[in-house]
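See below for start_0.txt, which holds compact mmCIF, C-alpha atoms.
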```txt
# COMPACT_ATOMS: atom_id res chain seq x y z
CA MET A 238 130.94 93.62 115.50
CA ALA A 239 132.91 94.00 112.28
CA LYS A 240 131.02 95.40 109.33
CA ARG A 241 130.29 92.74 106.73
CA THR A 242 131.49 93.49 103.21
CA VAL A 243 128.88 93.71 100.48
CA ASP A 244 129.75 92.28 97.07
CA HIS A 245 127.79 94.24 94.48
CA SER A 246 128.84 92.16 91.48
CA ALA A 247 125.74 89.94 91.55
CA PHE A 248 123.29 92.88 91.44
CA THR A 249 121.79 94.12 88.17
CA VAL A 250 119.76 97.18 89.24
CA PRO A 251 120.81 100.33 91.14
CA PRO A 252 119.98 99.98 94.84
CA ILE A 253 117.81 102.15 97.05
CA THR A 254 120.30 103.52 99.54
CA ASP A 255 118.33 105.16 102.37
CA VAL A 256 114.87 105.93 103.72
CA ALA A 257 114.62 109.28 101.93
CA VAL A 258 115.19 107.62 98.56
CA LEU A 259 112.74 104.85 99.49
CA VAL A 260 110.00 107.32 100.45
CA GLU A 261 110.60 109.28 97.24
CA GLU A 262 110.14 106.07 95.24
CA LEU A 263 106.98 105.10 97.16
CA THR A 264 105.31 108.52 96.87
CA ARG A 265 106.11 109.44 93.27
CA PRO A 266 102.78 109.51 91.39
CA GLY A 267 102.42 108.21 87.87
CA PRO A 268 100.42 110.01 85.17
CA ASP A 269 97.40 107.70 85.57
CA LEU A 270 97.09 108.50 89.27
CA ILE A 271 97.55 112.22 88.67
CA GLU A 272 94.77 112.16 86.09
CA SER A 273 92.50 110.05 88.31
CA LEU A 274 92.81 112.23 91.41
CA GLY A 275 92.59 115.38 89.33
CA ALA A 276 89.17 114.23 88.12
CA LEU A 277 87.99 113.14 91.57
CA ASP A 278 85.55 115.43 93.36
CA GLY A 279 86.22 116.44 96.94
CA ASP A 280 88.66 115.80 99.75
CA ILE A 281 90.16 112.41 100.64
CA LEU A 282 89.96 111.14 104.22
CA ILE A 283 92.38 108.35 105.22
CA LEU A 284 91.38 106.48 108.37
CA GLY A 285 94.23 104.54 109.98
CA VAL A 286 96.99 106.63 108.41
CA ASN A 287 99.69 105.63 110.92
CA GLY A 288 100.07 102.04 109.71
CA LYS A 289 102.73 100.50 107.49
CA MET A 290 101.14 101.82 104.28
CA GLY A 291 99.20 104.89 105.40
CA PRO A 292 101.95 107.54 105.49
CA THR A 293 103.22 106.81 101.98
CA LEU A 294 99.67 106.44 100.62
CA ALA A 295 98.82 109.89 101.99
CA GLY A 296 102.07 111.34 100.66
CA LEU A 297 101.42 109.79 97.26
CA ALA A 298 97.92 111.28 97.17
CA ALA A 299 99.19 114.73 98.14
CA ARG A 300 101.86 114.71 95.43
CA ALA A 301 99.37 113.52 92.79
CA ILE A 302 96.90 116.27 93.68
CA GLU A 303 99.62 118.90 93.56
CA ALA A 304 100.75 117.62 90.16
CA ALA A 305 97.15 117.72 88.94
CA GLY A 306 96.89 121.38 89.93
CA THR A 307 93.83 120.90 92.15
CA SER A 308 93.24 121.99 95.74
CA LYS A 309 91.75 118.95 97.45
CA ASN A 310 92.62 118.29 101.07
CA ILE A 311 94.21 115.03 102.18
CA ILE A 312 93.24 114.34 105.79
CA GLY A 313 94.86 111.52 107.75
CA VAL A 314 93.36 110.18 110.98
CA SER A 315 94.96 107.83 113.50
CA ARG A 316 94.84 107.07 117.21
CA THR A 317 98.60 107.68 117.42
CA LEU A 318 101.18 109.15 115.07
CA ALA A 319 104.79 108.02 115.15
CA PRO A 320 107.15 111.03 115.00
CA GLU A 321 108.68 109.95 111.68
CA ASN A 322 105.21 109.52 110.17
CA ARG A 323 104.10 112.93 111.41
CA ARG A 324 107.18 114.50 109.81
CA LEU A 325 106.46 112.76 106.50
CA LEU A 326 102.80 113.78 106.53
CA ASP A 327 103.53 117.36 107.56
CA LYS A 328 106.11 117.69 104.78
CA ALA A 329 103.60 116.37 102.25
CA GLY A 330 100.95 118.86 103.38
CA VAL A 331 98.63 116.19 104.75
CA LYS A 332 96.32 117.44 107.49
CA THR A 333 96.42 115.09 110.48
CA ILE A 334 93.94 114.38 113.26
CA GLN A 335 94.65 112.17 116.26
CA ALA A 336 91.55 110.36 117.47
CA ASP A 337 90.57 107.00 118.93
CA LEU A 338 87.73 106.18 116.56
CA LEU A 339 86.23 103.66 118.99
CA GLU A 340 85.60 106.44 121.50
CA PRO A 341 81.98 107.72 121.51
CA GLY A 342 81.62 110.79 119.32
CA ALA A 343 85.09 110.51 117.72
CA LEU A 344 83.81 109.71 114.24
CA ASP A 345 81.13 112.41 114.43
CA ALA A 346 83.83 114.99 115.18
CA LEU A 347 85.72 114.22 111.98
CA PRO A 348 85.17 116.37 108.89
CA ASP A 349 82.83 115.24 106.15
CA ALA A 350 84.50 113.86 103.04
CA PRO A 351 83.16 112.32 99.84
CA ASN A 352 86.16 109.97 99.51
CA VAL A 353 87.32 107.65 102.30
CA ILE A 354 90.23 105.21 102.41
CA TYR A 355 89.53 102.87 105.33
CA MET A 356 92.82 101.34 106.56
CA CYS A 357 91.94 100.63 110.21
CA GLY A 358 92.69 97.08 111.26
CA ARG A 359 94.20 94.80 113.87
CA LYS A 360 96.00 91.52 113.18
CA PHE A 361 98.91 90.70 115.46
CA GLY A 362 98.03 90.13 119.08
CA SER A 363 94.60 88.83 118.09
CA THR A 364 95.09 85.47 119.81
CA GLY A 365 94.24 86.00 123.47
CA ALA A 366 92.55 89.35 122.85
CA GLU A 367 90.11 88.42 120.12
CA TRP A 368 87.55 90.94 121.36
CA ASP A 369 89.89 93.83 120.55
CA THR A 370 90.39 92.50 117.04
CA TRP A 371 86.64 92.15 116.45
CA ALA A 372 86.00 95.62 117.83
CA THR A 373 88.58 97.20 115.52
CA ASN A 374 87.94 95.11 112.44
CA VAL A 375 84.16 94.74 112.61
CA PHE A 376 82.44 97.09 115.06
CA LEU A 377 84.46 100.12 113.93
CA ALA A 378 83.81 99.27 110.28
CA GLY A 379 80.07 99.45 110.94
CA LEU A 380 80.40 102.76 112.76
CA THR A 381 82.47 104.19 109.91
CA ALA A 382 80.09 102.97 107.21
CA ASN A 383 77.24 104.66 109.08
CA ARG A 384 79.16 107.93 109.53
CA TYR A 385 80.30 108.07 105.90
CA ARG A 386 77.28 106.44 104.31
CA ASP A 387 77.22 109.05 101.53
CA ALA A 388 80.91 108.69 100.64
CA ARG A 389 82.85 106.48 98.26
CA ILE A 390 84.82 104.08 100.48
CA VAL A 391 87.80 101.94 99.57
CA ALA A 392 87.87 99.51 102.49
CA PHE A 393 91.16 97.69 103.00
CA SER A 394 90.57 93.97 103.43
CA SER A 395 92.81 90.92 103.10
CA GLY A 396 93.38 87.83 101.01
CA ASN A 397 93.00 86.01 104.34
CA VAL A 398 89.24 85.88 103.70
CA TYR A 399 89.91 83.19 101.08
CA PRO A 400 90.54 79.49 101.70
CA PHE A 401 93.89 77.88 100.97
CA VAL A 402 94.02 76.96 97.29
CA PRO A 403 96.32 74.61 95.34
CA VAL A 404 99.70 76.15 94.58
CA THR A 405 99.17 75.37 90.89
CA SER A 406 95.74 77.08 90.75
CA GLY A 407 96.89 80.62 90.04
CA GLY A 408 95.23 81.86 93.23
CA ALA A 409 91.73 82.64 94.45
CA THR A 410 89.78 85.03 92.24
CA GLU A 411 87.20 87.60 93.29
CA SER A 412 84.50 84.98 92.64
CA THR A 413 86.05 82.45 95.03
CA ALA A 414 83.76 82.01 98.04
CA PRO A 415 85.28 83.26 101.30
CA ASP A 416 86.32 80.59 103.78
CA PRO A 417 88.53 82.30 106.37
CA VAL A 418 90.88 80.34 108.64
CA GLY A 419 91.09 81.61 112.23
CA GLU A 420 89.50 84.51 114.09
CA TYR A 421 91.61 87.25 112.51
CA ALA A 422 90.58 86.15 109.03
CA MET A 423 86.96 85.78 110.18
CA SER A 424 87.04 89.35 111.47
CA CYS A 425 88.34 90.53 108.08
CA LEU A 426 85.28 88.99 106.46
CA GLY A 427 83.15 90.53 109.21
CA ARG A 428 84.59 93.94 108.33
CA GLU A 429 83.53 93.42 104.71
CA ARG A 430 80.04 92.36 105.80
CA MET A 431 79.54 95.57 107.78
CA PHE A 432 80.34 97.62 104.69
CA ASP A 433 78.14 95.27 102.63
CA TYR A 434 75.23 96.00 104.95
CA TYR A 435 75.45 99.74 104.32
CA ALA A 436 75.93 99.24 100.61
CA HIS A 437 72.81 97.08 100.27
CA HIS A 438 70.55 98.87 102.76
CA VAL A 439 71.72 102.49 102.52
CA GLY A 440 73.41 102.71 99.13
CA THR A 441 76.96 103.42 100.34
CA LYS A 442 79.46 102.93 97.52
CA ILE A 443 82.13 100.42 98.56
CA LEU A 444 85.21 98.73 97.13
CA HIS A 445 86.70 95.81 99.07
CA PHE A 446 90.48 96.06 98.66
CA ARG A 447 91.70 92.49 99.22
CA LEU A 448 95.46 92.96 99.60
CA ASN A 449 97.92 90.07 99.80
CA TYR A 450 100.91 90.99 100.64
CA ALA A 451 102.29 94.53 100.19
CA VAL A 452 106.07 94.84 100.51
CA GLU A 453 108.65 97.58 100.75
CA LEU A 454 112.24 97.40 101.92
CA ARG A 455 111.64 97.87 105.65
CA TYR A 456 109.07 95.11 106.06
CA GLY A 457 107.21 92.39 104.22
CA VAL A 458 107.64 88.80 103.09
CA LEU A 459 110.79 89.55 101.08
CA HIS A 460 112.36 91.45 103.98
CA ASP A 461 111.56 88.56 106.35
CA VAL A 462 113.21 86.03 104.04
CA ALA A 463 116.23 88.27 103.36
CA ALA A 464 116.83 88.89 107.07
CA LYS A 465 116.79 85.17 107.85
CA VAL A 466 119.18 84.34 105.02
CA TRP A 467 121.57 87.16 105.93
CA ASN A 468 121.59 86.20 109.61
CA ASN A 469 122.00 82.46 108.95
CA GLN A 470 118.57 81.63 110.36
CA PRO A 471 116.28 78.91 108.96
CA VAL A 472 113.60 79.92 106.48
CA ASP A 473 110.32 78.17 107.30
CA LEU A 474 108.79 76.53 104.21
CA ALA A 475 105.49 75.55 105.89
CA ALA A 476 103.80 78.21 103.77
CA GLY A 477 106.01 77.58 100.80
CA ASN A 478 104.32 79.95 98.36
CA ALA A 479 102.97 83.50 98.54
CA ASN A 480 102.06 86.60 96.56
CA VAL A 481 103.65 90.01 97.03
CA ILE A 482 103.19 93.45 95.51
CA TRP A 483 105.25 96.64 95.71
CA GLN A 484 103.61 98.96 98.21
CA GLY A 485 103.81 101.94 95.85
CA TYR A 486 101.69 100.07 93.29
CA ALA A 487 99.17 98.99 95.95
CA ASN A 488 98.83 102.54 97.25
CA SER A 489 98.29 103.93 93.76
CA VAL A 490 95.62 101.32 93.03
CA ALA A 491 93.84 102.09 96.32
CA LEU A 492 93.56 105.76 95.42
CA ARG A 493 92.51 105.14 91.81
CA ALA A 494 89.99 102.55 93.02
CA LEU A 495 87.89 105.26 94.69
CA ALA A 496 86.30 105.78 91.29
CA LEU A 497 85.20 102.11 91.25
CA ALA A 498 83.37 102.09 94.59
CA SER A 499 79.86 100.87 93.86
CA VAL A 500 76.63 99.21 94.95
CA PRO A 501 76.84 96.26 95.23
CA PRO A 502 80.42 96.51 96.50
CA HIS A 503 83.23 96.01 94.02
CA ILE A 504 85.73 93.31 95.10
CA LEU A 505 89.33 93.71 93.97
CA ASN A 506 92.26 91.39 94.63
CA VAL A 507 95.48 93.40 94.83
CA THR A 508 98.79 91.57 94.60
CA GLY A 509 101.56 90.69 92.18
CA PRO A 510 101.23 88.42 89.15
CA GLU A 511 103.57 85.67 90.38
CA THR A 512 103.04 82.74 92.69
CA LEU A 513 106.44 83.02 94.29
CA SER A 514 108.28 80.10 95.83
CA ILE A 515 109.72 80.98 99.23
CA ARG A 516 112.49 78.43 98.62
CA ARG A 517 113.45 80.02 95.29
CA VAL A 518 113.36 83.53 96.77
CA ALA A 519 115.62 82.43 99.62
CA GLU A 520 118.02 80.80 97.18
CA ARG A 521 118.14 83.96 95.08
CA MET A 522 118.73 86.07 98.19
CA ALA A 523 121.49 83.68 99.25
CA HIS A 524 123.19 83.99 95.86
CA LEU A 525 123.16 87.79 96.11
CA MET A 526 124.44 87.65 99.68
CA ASN A 527 127.02 84.90 99.11
CA LYS A 528 125.26 82.81 101.72
CA GLN A 529 123.97 79.25 102.04
CA PRO A 530 120.25 79.22 102.86
CA ILE A 531 118.93 77.09 105.72
CA PHE A 532 115.43 75.62 105.47
CA THR A 533 113.00 74.05 107.89
CA ASN A 534 109.75 72.17 107.20
CA GLU A 535 108.46 71.27 103.74
CA GLU A 536 106.21 73.05 101.27
CA SER A 537 102.48 72.33 101.46
CA PRO A 538 100.49 71.64 98.29
CA ASN A 539 98.18 74.58 99.03
CA ALA A 540 98.64 78.15 100.22
CA LEU A 541 96.91 81.48 100.76
CA LEU A 542 97.13 82.86 97.22
CA SER A 543 95.21 85.51 95.28
CA ASN A 544 94.73 86.04 91.56
CA ALA A 545 94.95 89.75 90.70
CA THR A 546 94.30 89.54 86.95
CA GLN A 547 91.33 91.93 87.25
CA CYS A 548 93.49 94.49 89.05
CA HIS A 549 96.21 94.34 86.40
CA LYS A 550 93.65 94.74 83.61
CA LEU A 551 92.14 97.79 85.29
CA PHE A 552 95.28 99.51 86.56
CA GLY A 553 98.15 98.10 84.56
CA TYR A 554 100.88 95.58 85.18
CA PRO A 555 103.23 96.34 88.10
CA LYS A 556 106.36 98.06 86.80
CA ILE A 557 108.50 97.19 89.82
CA THR A 558 109.10 93.51 89.14
CA LEU A 559 109.77 90.72 91.61
CA ASP A 560 113.40 90.51 90.46
CA ILE A 561 113.91 94.20 91.22
CA LEU A 562 112.24 93.83 94.62
CA ILE A 563 114.45 90.89 95.55
CA GLU A 564 117.62 92.80 94.65
CA TRP A 565 116.50 95.99 96.39
CA THR A 566 115.55 94.07 99.54
CA ALA A 567 118.73 91.99 99.63
CA HIS A 568 120.90 95.09 99.29
CA TRP A 569 118.88 96.91 101.97
CA VAL A 570 119.23 94.08 104.49
CA MET A 571 122.91 93.46 103.72
CA ASN A 572 123.65 97.12 104.46
CA ASN A 573 121.78 97.02 107.78
CA ARG A 574 119.24 99.66 106.72
CA GLU A 575 116.21 100.62 108.79
CA THR A 576 113.55 98.03 109.57
CA LEU A 577 110.02 98.52 110.91
CA ASN A 578 110.46 95.43 113.11
CA LYS A 579 107.07 94.11 112.02
CA PRO A 580 107.42 90.50 110.83
CA THR A 581 104.59 89.34 108.60
CA HIS A 582 104.41 85.79 110.03
CA PHE A 583 103.43 84.72 106.53
CA GLU A 584 104.46 81.15 107.40
CA ILE A 585 101.58 80.75 109.89
CA ARG A 586 98.89 78.45 108.46
CA ASN A 587 96.51 78.02 111.41
CA GLY A 588 95.18 81.59 111.39
CA ARG A 589 96.41 82.39 114.91
CA PHE A 590 98.23 85.74 114.94
```

So that I can check it, write out the structure of this file as structure tokens.
Amino acid sequence: MAKRTVDHSAFTVPPITDVAVLVEELTRPGPDLIESLGALDGDILILGVNGKMGPTLAGLAARAIEAAGTSKNIIGVSRTLAPENRRLLDKAGVKTIQADLLEPGALDALPDAPNVIYMCGRKFGSTGAEWDTWATNVFLAGLTANRYRDARIVAFSSGNVYPFVPVTSGGATESTAPDPVGEYAMSCLGRERMFDYYAHHVGTKILHFRLNYAVELRYGVLHDVAAKVWNNQPVDLAAGNANVIWQGYANSVALRALALASVPPHILNVTGPETLSIRRVAERMAHLMNKQPIFTNEESPNALLSNATQCHKLFGYPKITLDILIEWTAHWVMNNRETLNKPTHFEIRNGRF
């Protein structure tokens, strides 16, 4: 197939041109993170390091600790490690352990650590194998909370625990009562409740990290929309609005949030400041790509949206703006760069993943 020509005249920011540059951008620590991890006592254990965010979060932590001039260990644990992730982690100096944490004795064999980032989770494939999702998202959370009851734990959660809210509302806040839709979302709330149990009965310090949605150039809501526009496929507007946040910002917040783990658990929404319109994003992508967007379905008056005002007050406003992310992603897709082949299915509204 003939290579399609890219017109750069519509772009206003320099592009990210390959995976090495992308990883450098995602793992470059800012001064606030360097200071925060420099002041943190003890090693950092990352459970579920092989996921979409784990390798760059671990690499970011390692670079911040090196810049701070301290000697903490970063330890990443996962059932499997993709070769490219192992190379990234090895290069960063992250110690890795392969273990199926649901196996008896696996958690007990791990090293002690006063700081834990809990990233284990299962979403896609939940429908038809709900028991596996509940085991990973709920049972394992309880086992981990028991094993690391004396640690500070930042437990990755999801904005899926919230109900749909009006598009004009500004999003659910941390005080919005959970009302999950579907078994996956219910299991996310169940995961939180397991950590809550240990916080309230044992005194384990917890922060619930309610993320909604992290993006980088190889996956995410923006990548999904860009790929459909570029390939002349219809963009589904059933979930016509969403939140996104640059993965580098989300990773930095997760690491800095270790200091906020508390009893009772601290809840933190983590996402971008905008309620983005999928239609407007697709139209902007189409302009950059010299394409005509195709749409299917109509926008609903409500959506799964989170308000991250508290996060921005605590950790600063995201410096990588939505406009920059749209341009970076459009350029990446137009040039046929690497993809993780992990669609977000953000358009699904019935909770069945």

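Using all atoms listed in the file, the protein and nucleic acid residues lying no more than 6 Å from segment 318-333 of chain A, apart from those fewer than 6 places from it along its own chain, are Asn287, Gly296, Ile311 and Ile312 of chain A.
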
With only C-alpha atoms as the atoms that count, which of A:Ala540, A:Ile302, A:Leu338, A:Ala257 lies nearest to Leu474 of chain A?
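Once distances to Leu474 of chain A are computed over only C-alpha atoms, the minimum belongs to A:Ala540.
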
In Å, with one decimal, what is the gap from atom CA of Leu259 of chain A to atom CA of Leu454 of chain A?
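So the answer is 7.9 Å.
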
Best match for closeness to Gly485 of chain A among A:Pro403, A:Gly457, A:Gly288, A:Pro555, counting all atoms listed in the file:
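That would be A:Pro555, the residue with the smallest distance to Gly485 of chain A.
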
When you count only C-alpha atoms, which of these residues is closest to Asn310 of chain A: A:Asn352, A:Thr410, A:Asn527, A:Ser273?
A:Asn352

Here is a test: counting only C-alpha atoms, which residue of A:Ile585, A:Leu541, A:Leu294, A:Val260 is nearest to Val398 of chain A?
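Counting only C-alpha atoms, the residue closest to Val398 of chain A is A:Leu541.
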
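Nearest residue to Thr405 of chain A among A:Ala422, A:Ile563, A:Leu505, A:Ala479 is A:Ala479, counting all atoms listed in the file.
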
Coordinates-based distance that separates atom CA of Arg359 of chain A from atom CA of Asp337 of chain A (Å, one decimal):
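Going from atom CA of Asp337 of chain A over to atom CA of Arg359 of chain A covers 13.7 Å.
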
Centre and edge lengths of an axis-aligned box around all listed atoms of segment 335-344 of chain A, with 5 Å added on each side, are to be given in Å to one decimal, as AutoDock Vina command-line options.
```
--center_x 88.1 --center_y 107.9 --center_z 117.9 --size_x 23.0 --size_y 18.5 --size_z 17.3
```

For atom CA of Leu551 of chain A and atom CA of Val286 of chain A, determine how far apart the two atoms are, in Å to one decimal place.
25.2 Å

Using all atoms listed in the file, which residues sit within 9 Å of Pro252 of chain A once same-chain residues fewer than 5 positions away are excluded, as a PDB file with C-alpha atoms, in the frame of the given file?
```
ATOM      1  CA  GLU A 564     117.620  92.800  94.650  1.00  0.00           C
ATOM      2  CA  TRP A 565     116.500  95.990  96.390  1.00  0.00           C
ATOM      3  CA  THR A 566     115.550  94.070  99.540  1.00  0.00           C
ATOM      4  CA  HIS A 568     120.900  95.090  99.290  1.00  0.00           C
ATOM      5  CA  TRP A 569     118.880  96.910 101.970  1.00  0.00           C
TER       6      TRP A 569
END
```

Can you tell me which residues surround Met423 of chain A at a distance of at most 12 Å, considering all atoms listed in the file, apart from same-chain residues fewer than 5 positions away, and format the answer as an MDAnalysis selection string?
chainID A and resid 360 363 367 370:371 374:375 394:400 415:418 428:430 588:589

Using all atoms listed in the file, give me every residue within 10 Å of (76.3, 111.7, 104.9) in file coordinates, as a PDB file with C-alpha atoms, in the coordinates of the input.
```
ATOM      1  CA  ASP A 349      82.830 115.240 106.150  1.00  0.00           C
ATOM      2  CA  ALA A 350      84.500 113.860 103.040  1.00  0.00           C
ATOM      3  CA  PRO A 351      83.160 112.320  99.840  1.00  0.00           C
ATOM      4  CA  ALA A 382      80.090 102.970 107.210  1.00  0.00           C
ATOM      5  CA  ASN A 383      77.240 104.660 109.080  1.00  0.00           C
ATOM      6  CA  ARG A 384      79.160 107.930 109.530  1.00  0.00           C
ATOM      7  CA  TYR A 385      80.300 108.070 105.900  1.00  0.00           C
ATOM      8  CA  ARG A 386      77.280 106.440 104.310  1.00  0.00           C
ATOM      9  CA  ASP A 387      77.220 109.050 101.530  1.00  0.00           C
ATOM     10  CA  ALA A 388      80.910 108.690 100.640  1.00  0.00           C
ATOM     11  CA  THR A 441      76.960 103.420 100.340  1.00  0.00           C
TER      12      THR A 441
END
```

Given the choices A:Phe393, A:Phe432, A:Phe446, A:Trp483, which gets closest to Phe376 of chain A if the distance is worked out from all atoms listed in the file?
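Nearest to Phe376 of chain A: A:Phe432.
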
Which neighbours of Asn478 of chain A fall inside 10 Å, counting all atoms listed in the file, when residues of the same chain fewer than 4 positions from it are skipped, and could you give them as a list in words?
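Non-adjacent residues within range: Val404, Leu474, Glu511, Thr512, Leu513, Ser514, Ile515, Arg516, Arg517, Val518, Glu536, Ser537, Pro538, Asn539, Ala540, Leu541, Leu542, Phe583 and Glu584 of chain A.
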